[in-house]
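Peer 1: If it helps, the file is called protein-v2.csv and holds CSV, C-alpha atoms:
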```csv
chain,number,residue,atom,x,y,z
A,929,PHE,CA,0.0,0.0,0.0
A,930,GLY,CA,2.9,2.4,0.7
A,931,SER,CA,4.2,1.9,-2.8
A,932,ILE,CA,0.8,2.7,-4.3
A,933,CYS,CA,0.7,5.9,-2.2
A,934,LEU,CA,4.1,6.9,-3.3
A,935,PHE,CA,3.2,6.4,-6.9
A,936,VAL,CA,0.0,8.4,-6.6
A,937,LEU,CA,1.7,11.3,-4.7
A,938,THR,CA,4.5,11.3,-7.3
A,939,VAL,CA,1.9,11.7,-10.1
A,940,VAL,CA,0.2,14.5,-8.2
A,941,PHE,CA,3.5,16.3,-7.6
A,942,TRP,CA,4.3,16.1,-11.3
A,943,ILE,CA,1.0,17.5,-12.2
A,944,LEU,CA,1.5,20.4,-9.8
A,945,PHE,CA,5.0,21.4,-10.7
A,946,ARG,CA,5.7,19.7,-14.1
A,947,ASP,CA,9.4,19.4,-13.4
A,948,ILE,CA,11.4,16.1,-13.3
A,949,TYR,CA,14.0,17.5,-10.9
A,950,LEU,CA,11.5,18.8,-8.4
A,951,THR,CA,9.6,15.6,-8.6
A,952,ALA,CA,12.8,13.6,-7.9
A,953,ILE,CA,13.4,15.8,-4.9
A,954,PHE,CA,10.0,15.0,-3.5
A,955,VAL,CA,10.3,11.2,-4.2
A,956,GLY,CA,13.7,11.2,-2.6
A,957,ASP,CA,12.5,13.0,0.5
A,958,CYS,CA,9.6,10.6,1.0
A,959,VAL,CA,11.8,7.5,0.5
A,960,LEU,CA,14.4,8.9,2.9
A,961,THR,CA,11.9,9.7,5.6
A,962,VAL,CA,10.1,6.3,5.4
A,963,GLY,CA,13.4,4.4,5.0
A,964,VAL,CA,15.0,6.0,8.0
A,965,VAL,CA,12.0,5.2,10.2
A,966,LEU,CA,11.7,1.6,9.1
A,967,GLY,CA,15.5,1.3,9.5
A,968,CYS,CA,15.3,2.5,13.0
A,969,MET,CA,12.4,0.1,13.8
A,970,GLY,CA,14.5,-2.7,12.4
A,971,HIS,CA,17.5,-1.8,14.5
A,972,VAL,CA,15.4,-1.8,17.8
A,973,GLY,CA,13.4,-4.9,16.9
A,974,VAL,CA,9.9,-3.3,16.3
A,975,PRO,CA,7.9,-5.4,13.8
A,976,ILE,CA,5.5,-4.2,11.1
A,977,HIS,CA,2.0,-5.1,12.3
A,978,LEU,CA,-1.5,-3.7,12.0
A,979,MET,CA,-0.6,-0.3,13.5
A,980,THR,CA,2.9,0.3,12.3
A,981,GLY,CA,1.9,-0.7,8.8
A,982,ILE,CA,0.1,2.7,8.6
A,983,LEU,CA,3.4,4.6,9.0
A,984,PRO,CA,4.6,4.8,5.3
A,985,PRO,CA,1.5,6.5,3.9
A,986,LEU,CA,1.2,8.7,7.0
A,987,LEU,CA,4.9,9.9,6.8
A,988,MET,CA,4.6,10.5,3.0
A,989,ALA,CA,1.6,12.8,3.6
A,990,MET,CA,3.6,14.8,6.2
A,991,ALA,CA,6.7,15.0,4.0
A,992,ILE,CA,4.8,16.2,0.9
A,993,ALA,CA,3.2,19.0,2.9
A,994,ASP,CA,6.5,20.6,4.0
A,995,ASP,CA,8.0,20.0,0.5
A,996,ILE,CA,5.2,21.6,-1.4
A,997,HIS,CA,5.2,24.7,0.9
A,998,LEU,CA,9.0,25.1,0.6
A,999,ILE,CA,9.3,24.5,-3.1
A,1000,ASP,CA,6.2,26.6,-4.0
A,1001,ARG,CA,7.7,29.6,-2.1
A,1002,PHE,CA,11.0,29.0,-3.8
A,1003,LEU,CA,9.5,29.1,-7.3
A,1004,LYS,CA,7.5,32.2,-6.5
A,1005,THR,CA,10.4,34.2,-5.0
A,1006,GLY,CA,12.1,36.6,-7.4
A,1007,ALA,CA,15.8,37.1,-6.7
A,1008,SER,CA,19.0,37.6,-8.6
A,1009,ASP,CA,21.0,34.9,-6.8
A,1010,LEU,CA,20.1,31.4,-5.8
A,1011,PRO,CA,21.1,31.6,-2.1
A,1012,ALA,CA,18.7,34.6,-1.6
A,1013,ARG,CA,15.9,32.6,-3.2
A,1014,VAL,CA,16.4,29.6,-1.0
A,1015,ALA,CA,16.8,31.8,2.2
A,1016,ARG,CA,13.7,33.7,1.4
A,1017,ALA,CA,11.6,30.6,0.8
A,1018,SER,CA,12.9,28.9,3.9
A,1019,SER,CA,12.4,31.9,6.2
A,1020,GLU,CA,8.7,32.2,5.1
A,1021,VAL,CA,7.7,28.6,5.6
A,1022,ALA,CA,10.1,27.2,8.2
A,1023,ILE,CA,8.3,28.5,11.3
A,1024,PRO,CA,4.7,27.7,10.3
A,1025,SER,CA,5.8,24.2,9.3
A,1026,PHE,CA,7.7,23.8,12.5
A,1027,LEU,CA,4.7,24.8,14.6
A,1028,SER,CA,2.3,22.5,12.7
A,1029,GLY,CA,4.9,19.7,12.9
A,1030,VAL,CA,5.3,20.1,16.7
A,1031,THR,CA,1.6,20.0,17.4
A,1032,THR,CA,1.2,16.9,15.1
A,1033,PHE,CA,4.1,15.3,16.8
A,1034,ALA,CA,2.6,15.9,20.2
A,1035,GLY,CA,-0.7,14.3,19.1
A,1036,PHE,CA,0.8,11.1,17.8
A,1037,PHE,CA,3.5,10.8,20.4
A,1038,SER,CA,0.9,10.9,23.2
A,1039,LEU,CA,-0.2,7.5,22.0
A,1040,SER,CA,3.2,6.0,22.8
A,1041,GLY,CA,2.4,5.7,26.5
A,1042,GLY,CA,-0.6,3.5,25.9
A,1043,ALA,CA,-1.0,0.0,27.5
A,1044,VAL,CA,-1.4,-1.7,24.2
A,1045,PRO,CA,2.1,-2.3,22.7
A,1046,ALA,CA,1.0,-2.0,19.1
A,1047,ILE,CA,-0.6,1.4,19.7
A,1048,GLY,CA,2.5,2.5,21.6
A,1049,HIS,CA,4.7,1.5,18.7
A,1050,PHE,CA,2.6,3.5,16.3
A,1051,GLY,CA,2.6,6.6,18.6
A,1052,LEU,CA,6.3,6.5,19.1
A,1053,TRP,CA,7.4,6.0,15.5
A,1054,SER,CA,4.9,8.2,13.9
A,1055,GLY,CA,6.0,11.0,16.3
A,1056,ALA,CA,9.6,10.4,15.5
A,1057,GLY,CA,8.9,10.2,11.8
A,1058,ILE,CA,7.1,13.6,11.8
A,1059,LEU,CA,10.2,15.2,13.3
A,1060,PHE,CA,12.3,13.4,10.7
A,1061,THR,CA,10.2,14.9,7.9
A,1062,TYR,CA,10.7,18.4,9.1
A,1063,VAL,CA,14.5,18.0,9.5
A,1064,PHE,CA,14.9,16.3,6.1
A,1065,SER,CA,12.7,18.9,4.3
A,1066,PHE,CA,14.6,21.9,5.7
A,1067,LEU,CA,18.1,20.6,5.5
A,1068,THR,CA,18.2,18.4,2.4
A,1069,ILE,CA,15.8,20.3,0.1
A,1070,PRO,CA,17.5,23.7,0.3
A,1071,ILE,CA,20.8,21.9,-0.7
A,1072,LEU,CA,19.2,20.2,-3.6
A,1073,LEU,CA,17.5,23.4,-4.8
A,1074,THR,CA,20.9,25.0,-5.2
A,1075,PHE,CA,21.4,22.7,-8.2
A,1076,LEU,CA,18.1,23.8,-9.8
A,1077,PRO,CA,18.6,26.2,-12.8
A,1078,VAL,CA,17.1,29.6,-12.2
A,1079,ARG,CA,13.8,29.9,-14.1
A,1080,GLY,CA,11.7,32.9,-15.0
A,1081,PRO,CA,12.6,36.7,-15.2
A,1082,VAL,CA,14.2,38.4,-12.3
A,1083,LYS,CA,11.8,40.9,-10.8
A,1084,GLU,CA,14.0,42.5,-8.2
A,1085,ARG,CA,16.9,41.8,-5.9
A,1086,LEU,CA,15.7,40.9,-2.5
A,1087,ARG,CA,17.2,42.4,0.6
A,1088,LEU,CA,17.3,39.9,3.3
A,1089,MET,CA,18.0,40.2,7.0
A,1090,GLU,CA,21.0,38.3,8.4
A,1091,SER,CA,18.8,35.8,10.2
A,1092,GLU,CA,17.0,34.8,7.0
A,1093,LEU,CA,20.4,33.9,5.4
A,1094,ARG,CA,21.7,31.8,8.3
A,1095,LEU,CA,20.0,28.5,7.2
A,1096,THR,CA,21.2,28.9,3.6
A,1097,ARG,CA,24.7,29.8,4.7
A,1098,PHE,CA,24.8,26.8,7.0
A,1099,CYS,CA,23.7,24.5,4.1
A,1100,PHE,CA,26.2,26.0,1.7
A,1101,LYS,CA,29.0,26.0,4.2
A,1102,TYR,CA,28.5,22.3,5.2
A,1103,LYS,CA,27.0,21.1,2.0
A,1104,THR,CA,29.4,18.2,1.5
A,1105,GLY,CA,29.3,17.2,5.2
A,1106,LEU,CA,25.5,17.2,5.2
A,1107,ILE,CA,25.3,15.1,2.0
A,1108,LEU,CA,27.8,12.6,3.5
A,1109,LEU,CA,25.8,12.6,6.7
A,1110,PHE,CA,22.6,11.6,5.0
A,1111,LEU,CA,24.3,9.1,2.8
A,1112,VAL,CA,25.6,7.4,5.9
A,1113,LEU,CA,22.2,7.6,7.4
A,1114,CYS,CA,20.7,5.9,4.3
A,1115,GLY,CA,23.3,3.1,4.6
A,1116,LEU,CA,22.4,2.5,8.3
A,1117,ALA,CA,18.7,2.6,7.4
A,1118,GLY,CA,19.3,0.0,4.7
A,1119,LEU,CA,21.0,-2.3,7.2
A,1120,GLY,CA,18.1,-1.8,9.6
A,1121,ILE,CA,15.4,-2.5,6.9
A,1122,ARG,CA,17.1,-5.9,6.2
A,1123,ARG,CA,16.6,-6.9,9.8
A,1124,ILE,CA,12.9,-5.8,10.1
A,1125,VAL,CA,10.4,-8.6,10.8
A,1126,VAL,CA,6.8,-8.7,9.4
A,1127,ASP,CA,4.6,-10.1,12.2
A,1128,THR,CA,1.1,-11.3,11.1
A,1129,GLN,CA,0.1,-12.6,14.5
A,1130,LEU,CA,-2.0,-9.5,15.4
A,1131,THR,CA,-3.4,-11.2,18.6
A,1132,ASN,CA,0.1,-10.9,20.1
A,1133,PHE,CA,-0.4,-7.1,20.3
A,1134,PHE,CA,-4.1,-7.0,21.3
```
Starting from the file, give its structure as structure tokens.
Peer 2:
Amino acid sequence: FGSICLFVLTVVFWILFRDIYLTAIFVGDCVLTVGVVLGCMGHVGVPIHLMTGILPPLLMAMAIADDIHLIDRFLKTGASDLPARVARASSEVAIPSFLSGVTTFAGFFSLSGGAVPAIGHFGLWSGAGILFTYVFSFLTIPILLTFLPVRGPVKERLRLMESELRLTRFCFKYKTGLILLFLVLCGLAGLGIRRIVVDTQLTNFF
């Protein structure tokens, strides 16, 4: 079911933006988020059951929300240089996305303290996954957007406050290190996914 959701969301994203590179960014972010969560579950021995099986489509939905907001603002921002465009887009959507992400995290994470283990697994890993979606969206996507050719006429040069440029400067300064970090993370996630167990004995959890 998760693969079907990814396919449908990819088609929707292509219809919205009509750009292969942006669509690839979106697909990569969804796969990275779901892969890291499943990898972590595999490392700690949490199986896929009735509740945790909901995680892939749930996390994809959360990832696409942050990605669309960020990329949409990036495309609508007129600036003469790429760092300014990325900084402007990030500064406009980072705080609203963070606040919505925190409240969503709190709602799902509150289930982790339940008496039923299956529901606790769902609450814990859905909450962790929501935090992952935010971190991945606002650290990886600004880096990937720096490789996107500038499209459309330049309307005016934006004047940005120093605080608005900090995130972009951080990504530019540590671009190689961040890319290597997430590559290592993908490798660890892959090792964890190979260890994950699919448990069909639902009565064990209820």
Peer 1: With the cut-off set at 7 Å and counting only C-alpha atoms, tabulate each residue of segment 1028-1087 of chain A with an atom at most that distance from an atom of segment 987-994 of chain A, showing the nearest atom pair and its distance in Å to one decimal, ordered by chain and increasing number, as a tab-separated table.
Peer 2:
```
residue	atom	partner	partner_atom	distance
A:Gly1057	CA	A:Leu987	CA	6.4
A:Ile1058	CA	A:Leu987	CA	6.6
A:Thr1061	CA	A:Ala991	CA	5.2
A:Tyr1062	CA	A:Asp994	CA	7.0
A:Ser1065	CA	A:Asp994	CA	6.4
```
Peer 1: Rank A:Leu998, A:Leu1076, A:Leu1027, A:Ile1069 by their smallest atom-to-atom distance to Val955 of chain A, using only C-alpha atoms, and report the top residue only.
Peer 2: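 Of A:Leu998, A:Leu1076, A:Leu1027, A:Ile1069, the one nearest Val955 of chain A, counting only C-alpha atoms, is A:Ile1069.
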Peer 1: Considering all atoms listed in the file, state which residue in the set A:Phe935, A:Phe1050, A:Phe1098, A:Phe1037 is at the smallest distance from Thr1068 of chain A.
Peer 2: A:Phe1098
Peer 1: Fewer than 4 positions away in the same chain doesn't count, so skip those; otherwise give me all residues within 9 Å of Phe1036 of chain A, counting only C-alpha atoms, as a PyMOL selection string.
Peer 2: chain A and resi 1031-1032+1040+1050-1055
Peer 1: Is it possible to get the residues within 10 Å of (10.8, 28.6, 7.2) (coordinates as in the file, counting only C-alpha atoms) written as a VMD selection string?
Peer 2: chain A and resid 994 997 to 998 1001 1014 to 1026 1066 1092 1095
Peer 1: In Å, with one decimal, what is the gap from atom CA of Asp1127 of chain A to atom CA of Leu978 of chain A?
Peer 2: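 Taking atom CA of Asp1127 of chain A as the start and atom CA of Leu978 of chain A as the end point, the length is 8.8 Å.
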Peer 1: How many Å lie between atom CA of Val959 of chain A and atom CA of Ile1071 of chain A, rounded to one decimal?
Peer 2: 17.0 Å
Peer 1: Which one is closest to Ile932 of chain A: A:Ile948, A:Ile999, A:Pro985, A:Gly1048? Count only C-alpha atoms.
Peer 2: A:Pro985
Peer 1: Atom CA of Val936 of chain A and atom CA of Phe954 of chain A, how far apart in Å?
Peer 2: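 Between atom CA of Phe954 of chain A and atom CA of Val936 of chain A the gap is 12.4 Å.
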Peer 1: Calculated over all atoms listed in the file, which of the candidates A:Cys1114, A:Gly981, A:Val1125, A:Leu1106 has the smallest distance to Thr961 of chain A?
Peer 2: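 Going through A:Cys1114, A:Gly981, A:Val1125, A:Leu1106 one by one, the smallest distance to Thr961 of chain A is for A:Cys1114.
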